[in-house]
Protein chains: 2
Amino acid sequence: MIVKNLRTFFGRGCCFQICVFVLIGLGILAGVALADPLPSWNEGQTKQAIIKFVQAVTDKSSPQYVPPEQRIATFDNDGTLWCEQPMYFQGFFAFDRVKALAPQHPEWKERQAFKAVLENDMKALAASGEKGVMEIGMTTHAGMSTGEFEKIVKDWLAMAKHPRFSRPFTDLVYKPMLELLAYLRENGFKTYIVSGGGVEFMRPWTERVYGIPPEQVVGSSGKLKLEIRDGKPVLTRLPEIDFIDDGPGKPVGIQKFIGRRPIAAFGNSDGDHQMLQWTTAGEGPRFMLLVHHTDAEREWAYDRQSPIGRLDKALDEAQRRGWTVVDMKKDWKKVFPF
Amino acid sequence: MIVKNLRTFFGRGCCFQICVFVLIGLGILAGVALADPLPSWNEGQTKQAIIKFVQAVTDKSSPQYVPPEQRIATFDNDGTLWCEQPMYFQGFFAFDRVKALAPQHPEWKERQAFKAVLENDMKALAASGEKGVMEIGMTTHAGMSTGEFEKIVKDWLAMAKHPRFSRPFTDLVYKPMLELLAYLRENGFKTYIVSGGGVEFMRPWTERVYGIPPEQVVGSSGKLKLEIRDGKPVLTRLPEIDFIDDGPGKPVGIQKFIGRRPIAAFGNSDGDHQMLQWTTAGEGPRFMLLVHHTDAEREWAYDRQSPIGRLDKALDEAQRRGWTVVDMKKDWKKVFPF
């Protein structure tokens, strides 16, 4: 009776239309299933290792199956998702801020670290020591509200260009890693950034660039203070370090901010070593990957001797324990989206 | 041609079946739309205010529409999602731990705070001052790994009973608030706990009890240290406070851990005051709610004079600014799920 009423209501043409939609739907599904999820990765062991892991943990009939809520994947940022040469991009940001603020601070001409930045003298900056670098960091990253800082970061990203590629810094993200992030998310993973970089330096753009929302970004941070300004509450950024999310800080950051151990972790330097060890030490299937910068032509080549992004002890352990190591030159068909 | 082939392929019966499925589907949808999402809430202003807000921010044609990714709702825990009388449940946990560990610590009989707990003498404990209470807290919450602590919490919850209701503490959650959490999530909200309680005391059970996963729990915390034990990395809980997520700490915690301002915030005491102010101060539609404990018979009645869960300044501001105040006795049809 229902069926008869339905036929009267929808008419026969409707049934055909539904069938057509079903066919199109099946076609789309088949297309998705057949499409290569990682087109910028060359065929080979690395790509196969990624796909094999994802298939195993998402296949309900597999002994390696992991329920979706436990599919946590953590990614380092500098050198893993975007470049970190010739220096961390947040360093360019800090130096540009010093230059922008200098007219209001004539006294900086007499202070070694600031003078070094204003004169682009990296040797003199290094000579100013940790104290000098810290002064630059605090001056450029503290003293304003969180809302003001977010605007400063966005404005800077809109105009700043990378010295080698003459492109916005957010263009210098790795296309294969963007595909990997999307592939993991399509397979029920929650993707996180766990970076030594400043959390509030990353959050304004990670959603747009990586599809990672602010609440899934873990990073280093300064202390915040709630204050009332013009009758409204604001959070002021204090010149005091709250948390360093690097090296042994990464497992701590993961526990503090996520509260679950990842089943997959992605890094590129010894600063990610403990994050990969922490991930490895959990129960059940695990996937650890290091991006090895081997491509001086398209990007950079550096590892054991590099002052930025040194990859030494973690590389040894990767070889010993069979973690996946990306040979950028060999494994990546394309490096950047442009 | 496709249509003709389809008919041959599926046969006509299939079309009827699809139509029947569509009908059933529409019926389910209609049922969902008509069902009361908040059955434990009495009809009235409070319930209407909640529904009106949710409808406005989810209606794409409304000027108050908010995209799903910005639908962040933060909930206090003690006194907002579960009871907090006759003392915070984490206090019962700490005291039970002291009693369980006492046989290994004969020296505690000579230390005022521990002696007070072992003799159930709350007056003597209060007399031991902040230092005494802190000693109890550190002894019971630090010195073990995060994994060990999680197990201790779960084991305690499985056997401990509330003194008035003689039920597991996790039974003493508010049914109307569980419905509210589910209703918000069905409408695309991401629900967070932002509590003064210990984050690692809450995370082991919030997913099971509230449907809130560990990574959406913000709370107070102690410092953690990465150590190697038997060749494996462990995170050891240090007897040192890292962050107090209460009062002015709540907006700080929201910024640190979520990085977005909530559009809806739910609390019950002056400890939630700044979280509600912070939420109010954002742009666009906002919803602030306080649970007022007015039901001595079914739960408890307390506010301006209560040492636990004092609700005084926030209540004044709620009345002044038109925040929603739940009158537990009047607004809640049922208090607990049992």
# chains A, B, ... in the order shown; residues from 1 in each chain; ligands from 1
>>> closest_atom_pairs(of="chain A", to="chain B", cutoff="6 Å", atoms="only C-alpha atoms", output="CSV")
residue,atom,partner,partner_atom,distance
A:Cys15,CA,B:Cys15,CA,5.2
A:Pro214,CA,B:Gly259,CA,5.6
A:Glu215,CA,B:Ile258,CA,4.3
A:Ile258,CA,B:Glu215,CA,4.3
A:Gly259,CA,B:Pro214,CA,5.6
>>> residues_around(residues="Pro239 in chain B", least_positions_apart="5", cutoff="8 Å", atoms="only C-alpha atoms", output="number ranges by chain")
B: 138-139, 141-143, 222-223
>>> write_last_selection(atoms="all heavy atoms", output="compact mmCIF listing (two decimals), in the first residue's frame")
# COMPACT_ATOMS: atom_id res chain seq x y z
N MET B 138 49.38 16.90 46.30
CA MET B 138 50.61 16.48 45.61
C MET B 138 50.91 15.01 45.87
O MET B 138 51.29 14.27 44.95
CB MET B 138 51.80 17.34 46.06
CG MET B 138 51.72 18.78 45.56
SD MET B 138 51.54 18.86 43.75
CE MET B 138 51.21 20.60 43.50
N THR B 139 50.75 14.57 47.11
CA THR B 139 51.04 13.18 47.46
C THR B 139 50.15 12.21 46.69
O THR B 139 50.59 11.13 46.29
CB THR B 139 50.83 12.97 48.98
OG1 THR B 139 51.60 13.93 49.67
CG2 THR B 139 51.24 11.57 49.40
N HIS B 141 48.45 12.93 43.80
CA HIS B 141 48.34 13.19 42.37
C HIS B 141 49.69 13.18 41.64
O HIS B 141 49.71 13.34 40.42
CB HIS B 141 47.65 14.54 42.12
CG HIS B 141 46.17 14.49 42.37
ND1 HIS B 141 45.63 14.46 43.63
CD2 HIS B 141 45.11 14.44 41.51
CE1 HIS B 141 44.31 14.43 43.55
NE2 HIS B 141 43.97 14.42 42.28
N ALA B 142 50.79 13.05 42.36
CA ALA B 142 52.09 13.11 41.69
C ALA B 142 52.96 11.93 42.08
O ALA B 142 52.64 11.17 42.99
CB ALA B 142 52.80 14.42 42.02
N GLY B 143 54.05 11.77 41.33
CA GLY B 143 55.03 10.73 41.64
C GLY B 143 54.86 9.47 40.79
O GLY B 143 55.73 8.60 40.80
N GLY B 222 49.34 19.44 36.66
CA GLY B 222 50.68 19.49 37.24
C GLY B 222 51.70 19.37 36.13
O GLY B 222 51.38 19.00 35.00
N LYS B 223 52.94 19.69 36.45
CA LYS B 223 53.99 19.57 35.44
C LYS B 223 54.29 18.10 35.16
O LYS B 223 54.13 17.24 36.03
CB LYS B 223 55.25 20.29 35.92
CG LYS B 223 55.13 21.81 35.84
CD LYS B 223 56.50 22.47 35.76
CE LYS B 223 56.45 23.97 36.00
NZ LYS B 223 55.73 24.73 34.97
>>> select_by_dssp(residues="range 89-230 of chain B", states="helix (DSSP H, G or I)", output="ChimeraX atom specification")
/B:89-104,106-110,112-118,122-127,129-141,146-159,169-171,175-186,199-210,214-216
>>> closest_residue(among="B:Lys47, B:His293, B:Arg320, B:Lys109", to="Glu179 in chain B", atoms="only C-alpha atoms")
B:Lys47
>>> closest_residue(among="A:Phe95, A:Ile50, A:Ile136, A:Asn268", to="Asn120 in chain A", atoms="only C-alpha atoms")
A:Phe95
>>> atom_distance(atom1="CA of Trp323 in chain A", atom2="CA of Leu289 in chain A")
5.9 Å
>>> closest_atom_pairs(of="range 167-248 of chain A", to="range 52-62 of chain A", cutoff="9 Å", atoms="only C-alpha atoms", output="tab-separated table")
residue	atom	partner	partner_atom	distance
A:Tyr183	CA	A:Val54	CA	8.9
A:Leu184	CA	A:Val54	CA	7.4
A:Asn187	CA	A:Thr58	CA	6.9
A:Gly188	CA	A:Thr58	CA	8.1
>>> residues_around(residues="range 115-119 of chain B", least_positions_apart="5", cutoff="12 Å", atoms="only C-alpha atoms", output="NGL selection string")
:B and (91-103 or 105-110 or 124-129 or 132-133 or 135-137)
>>> residues_around(residues="Gly322 in chain B", least_positions_apart="3", cutoff="10 Å", atoms="only C-alpha atoms", output="list in words")
Phe287, Met288, Leu289, Asp316, Glu317, Ala318, Gln319 and Val325 of chain B
>>> write_last_selection(atoms="N, CA, C and O atoms", output="compact mmCIF listing (two decimals), in the first residue's frame")
# COMPACT_ATOMS: atom_id res chain seq x y z
N PHE B 287 25.76 32.83 23.84
CA PHE B 287 24.84 32.26 24.81
C PHE B 287 25.60 31.93 26.09
O PHE B 287 26.57 31.18 26.06
N MET B 288 25.15 32.54 27.19
CA MET B 288 25.79 32.29 28.48
C MET B 288 24.74 31.74 29.44
O MET B 288 23.63 32.27 29.51
N LEU B 289 25.11 30.69 30.16
CA LEU B 289 24.14 30.05 31.06
C LEU B 289 24.80 29.68 32.39
O LEU B 289 25.94 29.23 32.42
N ASP B 316 24.91 38.17 39.93
CA ASP B 316 24.55 39.59 39.75
C ASP B 316 24.73 39.99 38.29
O ASP B 316 23.86 40.62 37.70
N GLU B 317 25.86 39.59 37.71
CA GLU B 317 26.12 39.99 36.32
C GLU B 317 25.14 39.31 35.37
O GLU B 317 24.71 39.91 34.38
N ALA B 318 24.78 38.07 35.67
CA ALA B 318 23.81 37.35 34.83
C ALA B 318 22.49 38.12 34.79
O ALA B 318 21.89 38.29 33.73
N GLN B 319 22.06 38.58 35.97
CA GLN B 319 20.78 39.31 36.04
C GLN B 319 20.89 40.63 35.30
O GLN B 319 19.99 41.03 34.56
N VAL B 325 19.74 31.89 33.42
CA VAL B 325 20.00 31.25 34.71
C VAL B 325 19.02 30.09 34.87
O VAL B 325 17.80 30.28 34.81
>>> decode(residues="range 212-240 of chain B", atoms="N, CA, C and O atoms", output="PDB file, in the first residue's frame")
ATOM      1  N   ILE B 212      32.435  13.449  25.623  1.00  0.00           N
ATOM      2  CA  ILE B 212      33.474  14.454  25.356  1.00  0.00           C
ATOM      3  C   ILE B 212      34.836  13.759  25.377  1.00  0.00           C
ATOM      4  O   ILE B 212      35.255  13.251  26.417  1.00  0.00           O
ATOM      5  N   PRO B 213      35.540  13.717  24.242  1.00  0.00           N
ATOM      6  CA  PRO B 213      36.811  12.986  24.177  1.00  0.00           C
ATOM      7  C   PRO B 213      37.924  13.711  24.949  1.00  0.00           C
ATOM      8  O   PRO B 213      37.817  14.919  25.199  1.00  0.00           O
ATOM      9  N   PRO B 214      38.977  12.975  25.336  1.00  0.00           N
ATOM     10  CA  PRO B 214      40.061  13.553  26.151  1.00  0.00           C
ATOM     11  C   PRO B 214      40.615  14.862  25.592  1.00  0.00           C
ATOM     12  O   PRO B 214      40.941  15.774  26.342  1.00  0.00           O
ATOM     13  N   GLU B 215      40.730  14.935  24.247  1.00  0.00           N
ATOM     14  CA  GLU B 215      41.341  16.122  23.650  1.00  0.00           C
ATOM     15  C   GLU B 215      40.435  17.351  23.738  1.00  0.00           C
ATOM     16  O   GLU B 215      40.854  18.443  23.400  1.00  0.00           O
ATOM     17  N   GLN B 216      39.189  17.185  24.209  1.00  0.00           N
ATOM     18  CA  GLN B 216      38.309  18.330  24.403  1.00  0.00           C
ATOM     19  C   GLN B 216      38.064  18.611  25.888  1.00  0.00           C
ATOM     20  O   GLN B 216      37.051  19.189  26.257  1.00  0.00           O
ATOM     21  N   VAL B 217      39.006  18.184  26.706  1.00  0.00           N
ATOM     22  CA  VAL B 217      38.935  18.463  28.138  1.00  0.00           C
ATOM     23  C   VAL B 217      40.084  19.403  28.508  1.00  0.00           C
ATOM     24  O   VAL B 217      41.244  19.079  28.290  1.00  0.00           O
ATOM     25  N   VAL B 218      39.737  20.573  29.033  1.00  0.00           N
ATOM     26  CA  VAL B 218      40.718  21.538  29.527  1.00  0.00           C
ATOM     27  C   VAL B 218      40.553  21.592  31.040  1.00  0.00           C
ATOM     28  O   VAL B 218      39.430  21.650  31.539  1.00  0.00           O
ATOM     29  N   GLY B 219      41.676  21.533  31.771  1.00  0.00           N
ATOM     30  CA  GLY B 219      41.576  21.562  33.224  1.00  0.00           C
ATOM     31  C   GLY B 219      42.879  21.984  33.859  1.00  0.00           C
ATOM     32  O   GLY B 219      43.830  22.345  33.165  1.00  0.00           O
ATOM     33  N   SER B 220      42.899  21.941  35.193  1.00  0.00           N
ATOM     34  CA  SER B 220      44.131  22.258  35.907  1.00  0.00           C
ATOM     35  C   SER B 220      45.105  21.092  35.734  1.00  0.00           C
ATOM     36  O   SER B 220      44.696  19.962  35.488  1.00  0.00           O
ATOM     37  N   SER B 221      46.397  21.405  35.859  1.00  0.00           N
ATOM     38  CA  SER B 221      47.374  20.345  35.623  1.00  0.00           C
ATOM     39  C   SER B 221      48.644  20.554  36.427  1.00  0.00           C
ATOM     40  O   SER B 221      48.976  21.679  36.821  1.00  0.00           O
ATOM     41  N   GLY B 222      49.343  19.442  36.655  1.00  0.00           N
ATOM     42  CA  GLY B 222      50.675  19.490  37.238  1.00  0.00           C
ATOM     43  C   GLY B 222      51.705  19.366  36.133  1.00  0.00           C
ATOM     44  O   GLY B 222      51.375  18.996  35.002  1.00  0.00           O
ATOM     45  N   LYS B 223      52.940  19.690  36.455  1.00  0.00           N
ATOM     46  CA  LYS B 223      53.989  19.571  35.442  1.00  0.00           C
ATOM     47  C   LYS B 223      54.289  18.100  35.165  1.00  0.00           C
ATOM     48  O   LYS B 223      54.132  17.245  36.032  1.00  0.00           O
ATOM     49  N   LEU B 224      54.713  17.829  33.945  1.00  0.00           N
ATOM     50  CA  LEU B 224      55.072  16.478  33.524  1.00  0.00           C
ATOM     51  C   LEU B 224      56.532  16.456  33.109  1.00  0.00           C
ATOM     52  O   LEU B 224      57.056  17.455  32.626  1.00  0.00           O
ATOM     53  N   LYS B 225      57.172  15.285  33.286  1.00  0.00           N
ATOM     54  CA  LYS B 225      58.557  15.145  32.857  1.00  0.00           C
ATOM     55  C   LYS B 225      58.743  13.845  32.096  1.00  0.00           C
ATOM     56  O   LYS B 225      58.304  12.789  32.558  1.00  0.00           O
ATOM     57  N   LEU B 226      59.383  13.958  30.942  1.00  0.00           N
ATOM     58  CA  LEU B 226      59.656  12.756  30.149  1.00  0.00           C
ATOM     59  C   LEU B 226      60.854  12.023  30.743  1.00  0.00           C
ATOM     60  O   LEU B 226      61.923  12.611  30.920  1.00  0.00           O
ATOM     61  N   GLU B 227      60.673  10.747  31.056  1.00  0.00           N
ATOM     62  CA  GLU B 227      61.765   9.938  31.595  1.00  0.00           C
ATOM     63  C   GLU B 227      61.801   8.594  30.870  1.00  0.00           C
ATOM     64  O   GLU B 227      60.818   8.192  30.258  1.00  0.00           O
ATOM     65  N   ILE B 228      62.942   7.939  30.958  1.00  0.00           N
ATOM     66  CA  ILE B 228      63.063   6.609  30.370  1.00  0.00           C
ATOM     67  C   ILE B 228      63.038   5.590  31.514  1.00  0.00           C
ATOM     68  O   ILE B 228      63.820   5.683  32.457  1.00  0.00           O
ATOM     69  N   ARG B 229      62.094   4.654  31.432  1.00  0.00           N
ATOM     70  CA  ARG B 229      61.980   3.616  32.458  1.00  0.00           C
ATOM     71  C   ARG B 229      62.001   2.267  31.741  1.00  0.00           C
ATOM     72  O   ARG B 229      61.166   2.037  30.868  1.00  0.00           O
ATOM     73  N   ASP B 230      62.911   1.412  32.119  1.00  0.00           N
ATOM     74  CA  ASP B 230      63.070   0.107  31.433  1.00  0.00           C
ATOM     75  C   ASP B 230      63.167   0.300  29.920  1.00  0.00           C
ATOM     76  O   ASP B 230      62.528  -0.432  29.150  1.00  0.00           O
ATOM     77  N   GLY B 231      63.902   1.293  29.514  1.00  0.00           N
ATOM     78  CA  GLY B 231      64.121   1.532  28.092  1.00  0.00           C
ATOM     79  C   GLY B 231      62.938   2.152  27.359  1.00  0.00           C
ATOM     80  O   GLY B 231      63.000   2.344  26.142  1.00  0.00           O
ATOM     81  N   LYS B 232      61.860   2.444  28.100  1.00  0.00           N
ATOM     82  CA  LYS B 232      60.673   3.017  27.449  1.00  0.00           C
ATOM     83  C   LYS B 232      60.390   4.411  27.999  1.00  0.00           C
ATOM     84  O   LYS B 232      60.553   4.667  29.192  1.00  0.00           O
ATOM     85  N   PRO B 233      59.943   5.334  27.109  1.00  0.00           N
ATOM     86  CA  PRO B 233      59.628   6.673  27.621  1.00  0.00           C
ATOM     87  C   PRO B 233      58.338   6.657  28.446  1.00  0.00           C
ATOM     88  O   PRO B 233      57.358   6.014  28.047  1.00  0.00           O
ATOM     89  N   VAL B 234      58.372   7.311  29.588  1.00  0.00           N
ATOM     90  CA  VAL B 234      57.151   7.511  30.380  1.00  0.00           C
ATOM     91  C   VAL B 234      57.076   8.981  30.764  1.00  0.00           C
ATOM     92  O   VAL B 234      58.103   9.676  30.818  1.00  0.00           O
ATOM     93  N   LEU B 235      55.868   9.462  31.009  1.00  0.00           N
ATOM     94  CA  LEU B 235      55.684  10.831  31.505  1.00  0.00           C
ATOM     95  C   LEU B 235      55.381  10.745  32.988  1.00  0.00           C
ATOM     96  O   LEU B 235      54.371  10.155  33.397  1.00  0.00           O
ATOM     97  N   THR B 236      56.274  11.330  33.786  1.00  0.00           N
ATOM     98  CA  THR B 236      56.105  11.292  35.234  1.00  0.00           C
ATOM     99  C   THR B 236      55.411  12.566  35.699  1.00  0.00           C
ATOM    100  O   THR B 236      55.719  13.664  35.236  1.00  0.00           O
ATOM    101  N   ARG B 237      54.459  12.406  36.602  1.00  0.00           N
ATOM    102  CA  ARG B 237      53.712  13.544  37.154  1.00  0.00           C
ATOM    103  C   ARG B 237      54.523  14.148  38.301  1.00  0.00           C
ATOM    104  O   ARG B 237      54.762  13.483  39.304  1.00  0.00           O
ATOM    105  N   LEU B 238      54.931  15.393  38.152  1.00  0.00           N
ATOM    106  CA  LEU B 238      55.747  16.063  39.158  1.00  0.00           C
ATOM    107  C   LEU B 238      54.866  16.772  40.191  1.00  0.00           C
ATOM    108  O   LEU B 238      53.768  17.217  39.867  1.00  0.00           O
ATOM    109  N   PRO B 239      55.362  16.892  41.432  1.00  0.00           N
ATOM    110  CA  PRO B 239      54.575  17.572  42.474  1.00  0.00           C
ATOM    111  C   PRO B 239      54.700  19.090  42.357  1.00  0.00           C
ATOM    112  O   PRO B 239      55.168  19.768  43.266  1.00  0.00           O
ATOM    113  N   GLU B 240      54.275  19.617  41.229  1.00  0.00           N
ATOM    114  CA  GLU B 240      54.444  21.040  40.951  1.00  0.00           C
ATOM    115  C   GLU B 240      53.289  21.468  40.045  1.00  0.00           C
ATOM    116  O   GLU B 240      53.030  20.815  39.024  1.00  0.00           O
TER     117      GLU B 240
END
